[in-house]
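A.B. asks: Got target.cif for you, mmCIF, C-alpha atoms (C1' of nucleotides):
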```
data_entry
#
loop_
_atom_site.label_atom_id
_atom_site.label_comp_id
_atom_site.auth_asym_id
_atom_site.auth_seq_id
_atom_site.Cartn_x
_atom_site.Cartn_y
_atom_site.Cartn_z
CA MET A 1 -20.04 -5.59 25.43
CA SER A 2 -16.41 -6.44 25.03
CA ARG A 3 -14.09 -4.62 22.71
CA ARG A 4 -13.54 -7.74 20.66
CA ALA A 5 -17.27 -8.25 20.22
CA VAL A 6 -17.75 -4.68 19.02
CA GLN A 7 -14.88 -5.08 16.58
CA SER A 8 -16.44 -8.23 15.29
CA ARG A 9 -19.79 -6.52 14.82
CA ILE A 10 -18.17 -3.64 12.95
CA ALA A 11 -16.20 -6.05 10.79
CA ARG A 12 -19.25 -8.08 9.86
CA THR A 13 -21.25 -4.99 8.96
CA ALA A 14 -18.39 -3.46 7.01
CA GLU A 15 -17.66 -6.62 5.06
CA SER A 16 -21.21 -6.97 3.88
CA LEU A 17 -21.07 -3.36 2.69
CA PHE A 18 -17.75 -4.00 0.97
CA VAL A 19 -19.18 -7.01 -0.81
CA ALA A 20 -22.22 -5.01 -1.89
CA LYS A 21 -20.53 -1.77 -2.99
CA GLY A 22 -16.80 -2.40 -3.09
CA PHE A 23 -14.15 -1.31 -0.61
CA GLU A 24 -13.22 2.09 -2.02
CA GLU A 25 -16.83 2.99 -2.65
CA THR A 26 -17.83 2.34 0.96
CA THR A 27 -17.39 5.28 3.30
CA VAL A 28 -16.46 4.82 6.93
CA ASP A 29 -19.35 7.18 7.64
CA GLU A 30 -21.60 4.59 6.05
CA ILE A 31 -20.04 1.79 8.07
CA ALA A 32 -20.38 3.73 11.29
CA ALA A 33 -23.99 4.61 10.51
CA ALA A 34 -24.79 1.00 9.65
CA VAL A 35 -23.30 -0.14 12.95
CA GLY A 36 -25.03 2.69 14.77
CA MET A 37 -22.10 4.68 16.05
CA SER A 38 -20.24 7.86 15.18
CA GLN A 39 -17.32 7.88 12.77
CA ARG A 40 -15.12 8.88 15.66
CA SER A 41 -16.02 5.73 17.56
CA PHE A 42 -15.30 3.60 14.52
CA PHE A 43 -11.71 4.81 14.68
CA ARG A 44 -11.60 3.92 18.35
CA TYR A 45 -11.99 0.27 17.38
CA PHE A 46 -10.01 0.22 14.16
CA ALA A 47 -6.97 2.36 13.46
CA SER A 48 -7.89 2.56 9.79
CA LYS A 49 -10.45 1.41 7.29
CA ASP A 50 -7.93 -1.12 5.98
CA GLU A 51 -7.65 -2.77 9.35
CA VAL A 52 -11.27 -3.85 9.36
CA VAL A 53 -10.41 -6.26 6.58
CA LEU A 54 -6.82 -7.02 7.51
CA ASP A 55 -7.47 -7.71 11.15
CA SER A 56 -8.52 -11.32 10.65
CA LEU A 57 -5.35 -11.80 8.66
CA ALA A 58 -3.32 -10.47 11.57
CA ARG A 59 -4.79 -13.11 13.85
CA LEU A 60 -4.04 -15.76 11.27
CA GLY A 61 -0.47 -14.47 11.18
CA GLU A 62 -0.17 -14.93 14.92
CA ASP A 63 -1.36 -18.49 14.54
CA MET A 64 1.27 -19.08 11.90
CA ALA A 65 4.05 -17.63 14.02
CA GLU A 66 2.93 -19.79 16.92
CA ARG A 67 2.96 -22.92 14.77
CA LEU A 68 6.48 -22.17 13.69
CA THR A 69 7.75 -21.94 17.24
CA GLU A 70 6.16 -25.29 18.01
CA ARG A 71 8.20 -27.06 15.35
CA PRO A 72 11.28 -29.04 16.44
CA ARG A 73 14.55 -27.16 16.33
CA ASP A 74 16.30 -29.52 13.95
CA GLU A 75 13.49 -29.79 11.41
CA PRO A 76 14.43 -28.40 7.99
CA GLU A 77 13.29 -24.77 7.75
CA TRP A 78 11.28 -25.47 4.63
CA ASP A 79 9.21 -28.12 6.38
CA SER A 80 8.68 -25.94 9.42
CA LEU A 81 7.43 -23.16 7.18
CA ARG A 82 5.10 -25.54 5.38
CA ARG A 83 3.66 -26.58 8.75
CA SER A 84 3.24 -22.96 9.79
CA PHE A 85 1.00 -22.54 6.74
CA ASP A 86 -1.36 -25.18 8.04
CA PRO A 87 -3.74 -22.67 9.67
CA ILE A 88 -4.37 -21.20 6.24
CA VAL A 89 -4.88 -24.61 4.69
CA GLU A 90 -7.36 -25.42 7.42
CA ARG A 91 -9.26 -22.21 6.77
CA TYR A 92 -9.45 -23.03 3.09
CA THR A 93 -10.80 -26.49 3.69
CA ASP A 94 -13.15 -25.61 6.54
CA PRO A 95 -16.52 -25.03 4.87
CA GLY A 96 -17.54 -22.74 7.71
CA HIS A 97 -14.82 -20.22 6.96
CA ARG A 98 -14.12 -20.87 3.31
CA GLU A 99 -16.93 -18.84 1.82
CA HIS A 100 -16.35 -15.88 4.11
CA ASP A 101 -12.59 -15.92 3.59
CA ALA A 102 -13.03 -16.13 -0.16
CA ALA A 103 -15.20 -13.02 -0.05
CA LEU A 104 -12.55 -11.27 2.01
CA GLN A 105 -9.84 -12.29 -0.40
CA ARG A 106 -11.88 -10.96 -3.31
CA ILE A 107 -12.32 -7.63 -1.52
CA VAL A 108 -8.58 -7.38 -0.91
CA GLU A 109 -7.62 -8.27 -4.45
CA CYS A 110 -10.10 -5.84 -5.98
CA SER A 111 -8.64 -2.80 -4.24
CA PRO A 112 -5.01 -2.07 -5.15
CA ARG A 113 -4.63 0.10 -2.08
CA LEU A 114 -5.91 -2.59 0.23
CA PHE A 115 -3.94 -5.26 -1.56
CA ALA A 116 -0.76 -3.25 -1.04
CA ALA A 117 -1.54 -2.93 2.66
CA TYR A 118 -2.07 -6.68 2.72
CA LEU A 119 1.33 -7.25 1.16
CA GLY A 120 2.82 -4.97 3.77
CA ARG A 121 1.36 -7.15 6.52
CA LEU A 122 2.67 -10.26 4.78
CA ASP A 123 6.13 -8.74 4.66
CA ARG A 124 6.05 -7.93 8.36
CA LEU A 125 4.96 -11.47 9.09
CA GLN A 126 7.83 -12.80 7.02
CA ARG A 127 10.23 -10.72 9.07
CA THR A 128 8.80 -12.17 12.25
CA LEU A 129 9.10 -15.74 11.04
CA ALA A 130 12.59 -15.15 9.68
CA ASP A 131 13.69 -13.70 13.00
CA ARG A 132 12.41 -16.77 14.79
CA LEU A 133 14.22 -19.05 12.39
CA VAL A 134 17.41 -17.07 12.94
CA ALA A 135 17.03 -17.38 16.68
CA ARG A 136 16.26 -21.08 16.33
CA ALA A 137 19.31 -21.73 14.16
CA ALA A 138 21.53 -19.76 16.53
CA ASP A 139 20.16 -21.76 19.42
CA ARG A 140 20.80 -25.03 17.64
CA THR A 141 24.21 -24.47 16.07
CA GLY A 142 25.65 -22.03 18.56
CA CYS A 143 27.07 -19.83 15.84
CA GLU A 144 25.69 -16.92 13.88
CA PRO A 145 23.28 -18.19 11.17
CA ASP A 146 22.94 -16.76 7.67
CA ALA A 147 20.15 -14.23 8.22
CA LEU A 148 19.99 -13.23 4.57
CA LEU A 149 19.53 -16.79 3.43
CA LEU A 150 16.87 -17.48 6.03
CA ARG A 151 14.99 -14.32 5.09
CA ALA A 152 15.08 -15.38 1.44
CA THR A 153 13.93 -18.89 2.38
CA VAL A 154 10.93 -17.48 4.22
CA GLY A 155 10.26 -15.24 1.23
CA GLY A 156 10.42 -18.22 -1.10
CA ALA A 157 7.97 -20.19 1.01
CA PHE A 158 5.60 -17.22 1.09
CA ALA A 159 5.95 -16.90 -2.66
CA CYS A 160 4.63 -20.46 -2.92
CA LEU A 161 1.82 -19.62 -0.54
CA HIS A 162 0.94 -16.36 -2.28
CA ALA A 163 0.96 -17.92 -5.75
CA THR A 164 -1.17 -20.80 -4.55
CA MET A 165 -3.68 -18.49 -2.89
CA LEU A 166 -4.09 -16.43 -6.03
CA HIS A 167 -4.37 -19.59 -8.05
CA ALA A 168 -6.77 -21.50 -5.84
CA VAL A 169 -9.60 -18.96 -5.63
CA ALA A 170 -11.38 -21.00 -8.28
CA ASP A 171 -10.69 -24.36 -6.66
CA PRO A 172 -10.32 -24.29 -2.86
CA GLU A 173 -10.36 -28.07 -2.64
CA ALA A 174 -7.05 -28.26 -4.46
CA PHE A 175 -5.37 -25.73 -2.17
CA ALA A 176 -3.36 -28.13 0.00
CA ARG A 177 -2.34 -30.24 -2.96
CA CYS A 178 -1.26 -27.19 -5.00
CA LEU A 179 0.67 -25.77 -2.06
CA ASP A 180 2.51 -29.02 -1.45
CA ARG A 181 3.35 -29.43 -5.11
CA THR A 182 4.64 -25.87 -5.42
CA MET A 183 6.67 -26.03 -2.23
CA ALA A 184 8.15 -29.35 -3.31
CA ALA A 185 9.22 -27.82 -6.61
CA LEU A 186 10.76 -24.71 -5.03
CA ARG A 187 12.35 -26.53 -2.11
CA PRO A 188 15.92 -25.31 -1.56
CA ALA A 189 18.50 -28.04 -1.93
CA ALA A 190 20.30 -27.10 1.30
CA ALA A 191 17.22 -27.09 3.53
CA MET B 192 9.24 21.96 -21.31
CA SER B 193 8.32 18.35 -21.78
CA ARG B 194 6.11 16.45 -19.41
CA ARG B 195 8.95 14.11 -18.52
CA ALA B 196 11.22 17.04 -17.67
CA VAL B 197 8.61 18.56 -15.38
CA GLN B 198 8.11 15.23 -13.66
CA SER B 199 11.82 14.94 -13.16
CA ARG B 200 11.99 18.42 -11.68
CA ILE B 201 9.14 17.66 -9.31
CA ALA B 202 10.70 14.35 -8.32
CA ARG B 203 14.09 15.92 -7.56
CA THR B 204 12.53 18.67 -5.47
CA ALA B 205 10.25 16.27 -3.63
CA GLU B 206 12.99 13.79 -2.87
CA SER B 207 15.21 16.41 -1.30
CA LEU B 208 12.26 17.42 0.88
CA PHE B 209 11.60 13.79 1.78
CA VAL B 210 15.21 13.31 2.78
CA ALA B 211 15.14 16.46 4.87
CA LYS B 212 11.77 16.02 6.61
CA GLY B 213 10.58 12.50 5.90
CA PHE B 214 7.88 11.33 3.51
CA GLU B 215 4.81 11.54 5.71
CA GLU B 216 5.87 14.88 7.15
CA THR B 217 6.17 16.48 3.73
CA THR B 218 2.97 17.96 2.33
CA VAL B 219 2.22 17.98 -1.35
CA ASP B 220 1.41 21.66 -0.86
CA GLU B 221 5.00 22.10 0.21
CA ILE B 222 6.29 20.16 -2.77
CA ALA B 223 4.14 22.15 -5.16
CA ALA B 224 5.24 25.43 -3.59
CA ALA B 225 8.90 24.40 -3.75
CA VAL B 226 8.53 23.54 -7.43
CA GLY B 227 6.52 26.71 -8.04
CA MET B 228 3.20 25.33 -9.08
CA SER B 229 -0.23 24.79 -7.61
CA GLN B 230 -1.16 21.62 -5.78
CA ARG B 231 -3.63 20.89 -8.55
CA SER B 232 -0.88 20.90 -11.14
CA PHE B 233 1.23 18.56 -9.05
CA PHE B 234 -1.54 15.98 -9.37
CA ARG B 235 -1.54 16.49 -13.12
CA TYR B 236 1.99 15.10 -13.26
CA PHE B 237 1.73 12.46 -10.56
CA ALA B 238 -1.40 10.53 -9.75
CA SER B 239 -0.43 10.39 -6.09
CA LYS B 240 2.27 11.44 -3.68
CA ASP B 241 3.51 7.84 -3.63
CA GLU B 242 4.13 7.86 -7.34
CA VAL B 243 6.76 10.57 -7.07
CA VAL B 244 8.99 8.08 -5.33
CA LEU B 245 7.79 4.89 -7.04
CA ASP B 246 7.99 6.22 -10.57
CA SER B 247 11.70 5.53 -10.98
CA LEU B 248 11.03 2.01 -9.79
CA ALA B 249 8.40 1.61 -12.49
CA ARG B 250 10.96 2.45 -15.15
CA LEU B 251 13.38 -0.02 -13.61
CA GLY B 252 10.61 -2.59 -13.78
CA GLU B 253 10.20 -1.98 -17.49
CA ASP B 254 13.91 -2.51 -17.95
CA MET B 255 13.67 -5.79 -16.09
CA ALA B 256 10.73 -7.00 -18.16
CA GLU B 257 12.62 -6.09 -21.32
CA ARG B 258 15.70 -7.99 -20.20
CA LEU B 259 13.61 -11.04 -19.59
CA THR B 260 12.17 -11.05 -23.09
CA GLU B 261 15.69 -10.81 -24.49
CA ARG B 262 16.76 -14.05 -22.87
CA PRO B 263 16.84 -17.22 -24.98
CA ARG B 264 13.71 -19.33 -24.92
CA ASP B 265 15.36 -22.48 -23.67
CA GLU B 266 17.36 -20.89 -20.84
CA PRO B 267 16.31 -22.12 -17.39
CA GLU B 268 13.75 -19.70 -15.93
CA TRP B 269 15.83 -19.14 -12.82
CA ASP B 270 18.79 -17.93 -14.86
CA SER B 271 16.59 -15.70 -17.01
CA LEU B 272 15.18 -14.14 -13.87
CA ARG B 273 18.65 -13.61 -12.47
CA ARG B 274 19.62 -11.81 -15.68
CA SER B 275 16.50 -9.68 -15.56
CA PHE B 276 17.72 -8.44 -12.17
CA ASP B 277 20.89 -7.10 -13.77
CA PRO B 278 19.52 -3.54 -14.17
CA ILE B 279 19.17 -3.37 -10.40
CA VAL B 280 22.63 -4.76 -9.83
CA GLU B 281 24.00 -2.17 -12.21
CA ARG B 282 22.22 0.61 -10.35
CA TYR B 283 23.68 -0.61 -7.08
CA THR B 284 27.23 -0.67 -8.42
CA ASP B 285 27.04 2.54 -10.46
CA PRO B 286 28.40 5.23 -8.14
CA GLY B 287 26.36 7.84 -10.01
CA HIS B 288 23.05 6.28 -9.02
CA ARG B 289 23.97 4.38 -5.89
CA GLU B 290 23.82 7.25 -3.45
CA HIS B 291 20.55 8.59 -4.84
CA ASP B 292 18.91 5.16 -4.98
CA ALA B 293 20.00 4.39 -1.44
CA ALA B 294 18.31 7.58 -0.28
CA LEU B 295 15.15 6.58 -2.14
CA GLN B 296 15.23 3.13 -0.62
CA ARG B 297 15.57 4.62 2.83
CA ILE B 298 12.58 6.86 2.21
CA VAL B 299 10.49 3.91 1.09
CA GLU B 300 11.47 1.71 4.00
CA CYS B 301 10.81 4.41 6.56
CA SER B 302 7.18 4.88 5.57
CA PRO B 303 5.02 1.77 6.02
CA ARG B 304 2.37 3.19 3.72
CA LEU B 305 4.89 3.88 0.97
CA PHE B 306 6.59 0.56 1.52
CA ALA B 307 3.27 -1.22 1.06
CA ALA B 308 2.68 0.63 -2.19
CA TYR B 309 6.17 -0.42 -3.25
CA LEU B 310 5.33 -4.05 -2.53
CA GLY B 311 2.19 -3.64 -4.60
CA ARG B 312 4.27 -2.52 -7.55
CA LEU B 313 6.65 -5.40 -7.05
CA ASP B 314 3.74 -7.81 -7.12
CA ARG B 315 2.42 -6.36 -10.36
CA LEU B 316 5.87 -6.64 -11.86
CA GLN B 317 6.03 -10.28 -10.81
CA ARG B 318 2.73 -10.91 -12.57
CA THR B 319 4.12 -9.36 -15.73
CA LEU B 320 7.29 -11.43 -15.67
CA ALA B 321 5.40 -14.61 -14.84
CA ASP B 322 3.01 -14.00 -17.74
CA ARG B 323 5.97 -13.65 -20.08
CA LEU B 324 7.53 -16.85 -18.80
CA VAL B 325 4.22 -18.63 -19.31
CA ALA B 326 4.01 -17.35 -22.88
CA ARG B 327 7.64 -18.29 -23.46
CA ALA B 328 7.16 -21.81 -22.15
CA ALA B 329 4.00 -22.26 -24.20
CA ASP B 330 5.86 -21.04 -27.25
CA ARG B 331 8.73 -23.45 -26.65
CA THR B 332 6.93 -26.62 -25.62
CA GLY B 333 3.70 -26.17 -27.53
CA CYS B 334 1.61 -27.27 -24.59
CA GLU B 335 0.07 -25.45 -21.63
CA PRO B 336 2.77 -24.66 -19.01
CA ASP B 337 2.32 -24.80 -15.24
CA ALA B 338 1.33 -21.19 -14.55
CA LEU B 339 1.18 -21.68 -10.78
CA LEU B 340 4.68 -23.07 -10.64
CA LEU B 341 6.06 -20.30 -12.83
CA ARG B 342 4.35 -17.66 -10.70
CA ALA B 343 5.88 -19.21 -7.59
CA THR B 344 9.28 -19.39 -9.27
CA VAL B 345 9.14 -15.68 -10.08
CA GLY B 346 8.05 -15.04 -6.50
CA GLY B 347 10.97 -17.07 -5.20
CA ALA B 348 13.44 -15.15 -7.31
CA PHE B 349 11.96 -11.85 -6.13
CA ALA B 350 12.18 -13.09 -2.55
CA CYS B 351 15.92 -13.48 -3.09
CA LEU B 352 16.10 -10.02 -4.61
CA HIS B 353 13.99 -8.44 -1.87
CA ALA B 354 15.95 -10.07 0.93
CA THR B 355 19.24 -9.07 -0.65
CA MET B 356 18.12 -5.47 -1.12
CA LEU B 357 17.08 -5.17 2.51
CA HIS B 358 20.32 -6.80 3.56
CA ALA B 359 22.70 -4.86 1.33
CA VAL B 360 21.81 -1.32 2.37
CA ALA B 361 24.88 -1.35 4.56
CA ASP B 362 27.18 -2.85 1.94
CA PRO B 363 26.24 -2.07 -1.67
CA GLU B 364 29.49 -3.52 -2.99
CA ALA B 365 28.45 -6.98 -1.88
CA PHE B 366 25.07 -6.74 -3.59
CA ALA B 367 25.78 -8.86 -6.67
CA ARG B 368 27.68 -11.44 -4.65
CA CYS B 369 24.89 -11.73 -2.06
CA LEU B 370 22.22 -11.99 -4.74
CA ASP B 371 24.09 -14.73 -6.58
CA ARG B 372 24.69 -16.64 -3.40
CA THR B 373 21.06 -16.41 -2.30
CA MET B 374 19.68 -17.33 -5.70
CA ALA B 375 22.06 -20.28 -5.91
CA ALA B 376 20.83 -21.52 -2.54
CA LEU B 377 17.12 -21.14 -3.41
CA ARG B 378 17.44 -22.42 -6.95
CA PRO B 379 14.62 -24.86 -7.75
CA ALA B 380 15.86 -28.33 -8.63
CA ALA B 381 13.68 -28.57 -11.72
CA ALA B 382 14.68 -25.27 -13.28
"C1'" DG C 383 -1.08 39.37 -38.52
"C1'" DC C 384 -5.05 37.24 -36.71
"C1'" DA C 385 -8.47 34.23 -35.14
"C1'" DA C 386 -9.86 29.59 -33.89
"C1'" DT C 387 -8.30 25.71 -31.38
"C1'" DG C 388 -6.43 22.76 -28.06
"C1'" DA C 389 -3.37 22.06 -24.16
"C1'" DT C 390 -1.78 23.77 -19.62
"C1'" DT C 391 -2.67 26.01 -15.57
"C1'" DG C 392 -4.57 28.20 -11.14
"C1'" DA C 393 -8.31 28.96 -8.14
"C1'" DC C 394 -12.01 27.13 -5.71
"C1'" DA C 395 -14.99 23.96 -3.66
"C1'" DG C 396 -15.81 19.56 -2.08
"C1'" DT C 397 -15.09 14.46 -0.52
"C1'" DC C 398 -12.90 11.20 2.31
"C1'" DG C 399 -9.66 9.23 5.71
"C1'" DC C 400 -8.10 10.37 9.99
"C1'" DT C 401 -6.90 13.05 14.49
"C1'" DG C 402 -7.19 16.07 18.55
"C1'" DA C 403 -9.92 18.34 21.98
"C1'" DC C 404 -13.73 18.69 24.88
"C1'" DA C 405 -17.95 17.76 27.03
"C1'" DC C 406 -21.19 14.28 28.52
"C1'" DT C 407 -22.93 10.06 30.16
"C1'" DT C 408 -22.65 5.68 32.35
"C1'" DA C 409 -20.69 2.35 35.58
"C1'" DC C 410 -18.23 1.25 39.48
"C1'" DG C 411 -15.65 1.55 43.99
"C1'" DG C 412 -15.07 4.07 48.25
"C1'" DC D 413 -23.22 10.11 47.42
"C1'" DC D 414 -19.10 11.39 45.25
"C1'" DG D 415 -15.00 10.73 42.36
"C1'" DT D 416 -13.02 8.38 38.92
"C1'" DA D 417 -12.50 5.88 34.76
"C1'" DA D 418 -14.08 4.24 30.48
"C1'" DG D 419 -16.85 4.90 26.37
"C1'" DT D 420 -19.16 8.01 23.38
"C1'" DG D 421 -20.80 12.11 20.37
"C1'" DT D 422 -19.71 16.54 18.48
"C1'" DC D 423 -16.97 19.67 16.36
"C1'" DA D 424 -13.11 21.52 14.20
"C1'" DG D 425 -9.32 20.70 11.44
"C1'" DC D 426 -5.52 18.60 8.44
"C1'" DG D 427 -3.94 16.33 4.31
"C1'" DA D 428 -4.60 13.59 0.05
"C1'" DC D 429 -7.15 13.81 -3.86
"C1'" DT D 430 -10.91 15.17 -7.50
"C1'" DG D 431 -14.16 17.88 -10.42
"C1'" DT D 432 -15.09 22.16 -12.42
"C1'" DC D 433 -14.42 26.43 -14.56
"C1'" DA D 434 -12.18 30.27 -16.29
"C1'" DA D 435 -7.90 32.22 -17.87
"C1'" DT D 436 -3.74 31.79 -20.38
"C1'" DC D 437 -0.60 30.18 -23.70
"C1'" DA D 438 1.08 28.04 -27.84
"C1'" DT D 439 -0.14 26.12 -32.29
"C1'" DT D 440 -2.25 25.91 -36.49
"C1'" DG D 441 -4.73 27.46 -40.49
"C1'" DC D 442 -6.09 31.36 -43.06
#
```
Using structure tokens, write down the structure from this file.
C.D. replies:
Amino acid sequence: MSRRAVQSRIARTAESLFVAKGFEETTVDEIAAAVGMSQRSFFRYFASKDEVVLDSLARLGEDMAERLTERPRDEPEWDSLRRSFDPIVERYTDPGHREHDAALQRIVECSPRLFAAYLGRLDRLQRTLADRLVARAADRTGCEPDALLLRATVGGAFACLHATMLHAVADPEAFARCLDRTMAALRPAAA
Amino acid sequence: MSRRAVQSRIARTAESLFVAKGFEETTVDEIAAAVGMSQRSFFRYFASKDEVVLDSLARLGEDMAERLTERPRDEPEWDSLRRSFDPIVERYTDPGHREHDAALQRIVECSPRLFAAYLGRLDRLQRTLADRLVARAADRTGCEPDALLLRATVGGAFACLHATMLHAVADPEAFARCLDRTMAALRPAAA
DNA sequence: GCAATGATTGACAGTCGCTGACACTTACGG
DNA sequence: CCGTAAGTGTCAGCGACTGTCAATCATTGC
């Protein structure tokens, strides 16, 4: 059984426990027992209890970073960022994932500790995307781009995404429309 | 001795230890011993080890929220938000606080766990400010304002602030100038 | 001046997340 | 058949944090 498959099995078991009892109230001993392994082995597959939940987000982040690199060099940064959010939009509209992802989002939002860890991941992702935009701009213009401004631009786009995600829990259908509207309203004049 | 004074004494002692050894490497047993109290009493003054560092930020957040409520109702939200950031700008330029705050910022940024908790606080502060802007807009226009857009606007402004803070560690003098420049560039057209 | 009262504290035990060390078992290649 | 590598369980331990209880200390009312 591959490592990935075991991780997936642990994650599925853990998430059902989290939904049933809450994240903080679920012990990793309980998770390990439910999966049928020792606590020690649990930590061989996940570095922390947080990561069980945040792991799927990490993969989504990789997708987003990949989308960004696929965008044309001379596209306005704001549009490239909007396109890099497409994987999330797709997950929200895909009925196969929507229900599961909504449950995950509820788990994250209900635990301040986990939510903070989630924000930390988001921040790291923003750094990654901003770095790529800096490299892209340097490649295109040949001179040193404004890293601060690009970092803030990425932050602004993620603010739109974050606000929309918190807003659209009730109405997943409207996600893409809300995101587009918000990003249109916050679009920087220079980009 | 007042509760506040004890907290301040603990915070000062802890911060010097954090600077010397790092946040993760400093035990709350060590902090308690350095202050001259039991570990149990430490947790009577601070709910967690994180809070020792993040407490001063919480007070700064209250200042910011207060500044926002003092702004005129019909001022563009973006400008009100910029003004609510003034307490931070003042702290960066005040030579009495600058050195200490820079040390605190370094501590926070060096510990991913602490940094995530910091982001969590920032997010809660954004919710507070956004709620006030929603109430303000409702009070002014008489009809239901666009809460999603206001939340995203606050997020965008904080993205400018966050990016500037990470950027200006090297050059605190330029903080206000960088913040103004970034916020001018990301200013929403409609606000 | 004293006793009742309430707040503050220390000591202790315990939970939970997480880590290191070691022994064991299984699978695979020589 | 042996050696090696990978995966696992067990145990011991650390550090953050909590509940409990008894002792202490200051305050208030008499």
A.B. asks: Which residues would end up in the selection if the PyMOL selection byres ((chain D and resi 417-427) around 12) were applied here, given that I need the answer as a CSV table (one decimal) with C-alpha atoms (C1' of nucleotides), in the coordinates of the input?
C.D. replies:
```
chain,number,residue,atom,x,y,z
A,1,MET,CA,-20.0,-5.6,25.4
A,2,SER,CA,-16.4,-6.4,25.0
A,3,ARG,CA,-14.1,-4.6,22.7
A,36,GLY,CA,-25.0,2.7,14.8
A,37,MET,CA,-22.1,4.7,16.0
A,38,SER,CA,-20.2,7.9,15.2
A,39,GLN,CA,-17.3,7.9,12.8
A,40,ARG,CA,-15.1,8.9,15.7
A,41,SER,CA,-16.0,5.7,17.6
A,42,PHE,CA,-15.3,3.6,14.5
A,43,PHE,CA,-11.7,4.8,14.7
A,44,ARG,CA,-11.6,3.9,18.4
A,45,TYR,CA,-12.0,0.3,17.4
B,215,GLU,CA,4.8,11.5,5.7
B,216,GLU,CA,5.9,14.9,7.2
B,217,THR,CA,6.2,16.5,3.7
B,218,THR,CA,3.0,18.0,2.3
B,219,VAL,CA,2.2,18.0,-1.4
B,220,ASP,CA,1.4,21.7,-0.9
B,221,GLU,CA,5.0,22.1,0.2
B,230,GLN,CA,-1.2,21.6,-5.8
B,240,LYS,CA,2.3,11.4,-3.7
C,398,DC,C1',-12.9,11.2,2.3
C,399,DG,C1',-9.7,9.2,5.7
C,400,DC,C1',-8.1,10.4,10.0
C,401,DT,C1',-6.9,13.0,14.5
C,402,DG,C1',-7.2,16.1,18.6
C,403,DA,C1',-9.9,18.3,22.0
C,404,DC,C1',-13.7,18.7,24.9
C,405,DA,C1',-18.0,17.8,27.0
C,406,DC,C1',-21.2,14.3,28.5
C,407,DT,C1',-22.9,10.1,30.2
C,408,DT,C1',-22.6,5.7,32.4
C,409,DA,C1',-20.7,2.4,35.6
C,410,DC,C1',-18.2,1.2,39.5
C,411,DG,C1',-15.6,1.6,44.0
D,415,DG,C1',-15.0,10.7,42.4
D,416,DT,C1',-13.0,8.4,38.9
D,428,DA,C1',-4.6,13.6,0.0
D,429,DC,C1',-7.2,13.8,-3.9
```
A.B. asks: Find the spatial neighbours of B:Ala321, counting all atoms listed in the file, within a cut-off of 7 Å - ignore same-chain residues fewer than 3 positions away - and output them as a list in words.
C.D. replies: Gln317, Arg318, Leu324, Val325, Leu341, Arg342 and Val345 of chain B
A.B. asks: Applied to the shown file, which residues does the PyMOL selection byres ((chain B and resi 256-272) around 8) return, written as a PyMOL selection string?
C.D. replies: chain B and resi 252-255+273-276+316+319-320+323-324+327-328+331+344-345+348+378-379+382
A.B. asks: Okay, now the selection with C-alpha atoms, as a PDB file, keeping the file's coordinate frame?
C.D. replies:
```
ATOM      1  CA  GLY B 252      10.610  -2.590 -13.780  1.00  0.00           C
ATOM      2  CA  GLU B 253      10.200  -1.980 -17.490  1.00  0.00           C
ATOM      3  CA  ASP B 254      13.910  -2.510 -17.950  1.00  0.00           C
ATOM      4  CA  MET B 255      13.670  -5.790 -16.090  1.00  0.00           C
ATOM      5  CA  ARG B 273      18.650 -13.610 -12.470  1.00  0.00           C
ATOM      6  CA  ARG B 274      19.620 -11.810 -15.680  1.00  0.00           C
ATOM      7  CA  SER B 275      16.500  -9.680 -15.560  1.00  0.00           C
ATOM      8  CA  PHE B 276      17.720  -8.440 -12.170  1.00  0.00           C
ATOM      9  CA  LEU B 316       5.870  -6.640 -11.860  1.00  0.00           C
ATOM     10  CA  THR B 319       4.120  -9.360 -15.730  1.00  0.00           C
ATOM     11  CA  LEU B 320       7.290 -11.430 -15.670  1.00  0.00           C
ATOM     12  CA  ARG B 323       5.970 -13.650 -20.080  1.00  0.00           C
ATOM     13  CA  LEU B 324       7.530 -16.850 -18.800  1.00  0.00           C
ATOM     14  CA  ARG B 327       7.640 -18.290 -23.460  1.00  0.00           C
ATOM     15  CA  ALA B 328       7.160 -21.810 -22.150  1.00  0.00           C
ATOM     16  CA  ARG B 331       8.730 -23.450 -26.650  1.00  0.00           C
ATOM     17  CA  THR B 344       9.280 -19.390  -9.270  1.00  0.00           C
ATOM     18  CA  VAL B 345       9.140 -15.680 -10.080  1.00  0.00           C
ATOM     19  CA  ALA B 348      13.440 -15.150  -7.310  1.00  0.00           C
ATOM     20  CA  ARG B 378      17.440 -22.420  -6.950  1.00  0.00           C
ATOM     21  CA  PRO B 379      14.620 -24.860  -7.750  1.00  0.00           C
ATOM     22  CA  ALA B 382      14.680 -25.270 -13.280  1.00  0.00           C
TER      23      ALA B 382
END
```
A.B. asks: I'd like to see the residues matched by the PyMOL selection byres ((chain A and resi 114) around 10) on this file, and ideally I'd get them as number ranges by chain.
C.D. replies: A: 23-24, 49-51, 53-54, 107-113, 115-120; B: 307-308, 311
A.B. asks: Between atom CA of A:Leu149 and atom CA of B:Ala380, what is the spacing in Å?
C.D. replies: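 Between these atoms lies a distance of 17.1 Å.
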A.B. asks: Within 12 Å of C:DT387, counting only C-alpha atoms (C1' of nucleotides), which residues show up once you throw out same-chain ones fewer than 2 positions away? Write them as a compact mmCIF listing (two decimals) with C-alpha atoms (C1' of nucleotides), in the coordinates of the input, please.
C.D. replies:
```txt
# COMPACT_ATOMS: atom_id res chain seq x y z
C1' DA C 385 -8.47 34.23 -35.14
C1' DA C 389 -3.37 22.06 -24.16
C1' DC D 437 -0.60 30.18 -23.70
C1' DA D 438 1.08 28.04 -27.84
C1' DT D 439 -0.14 26.12 -32.29
C1' DT D 440 -2.25 25.91 -36.49
C1' DG D 441 -4.73 27.46 -40.49
```
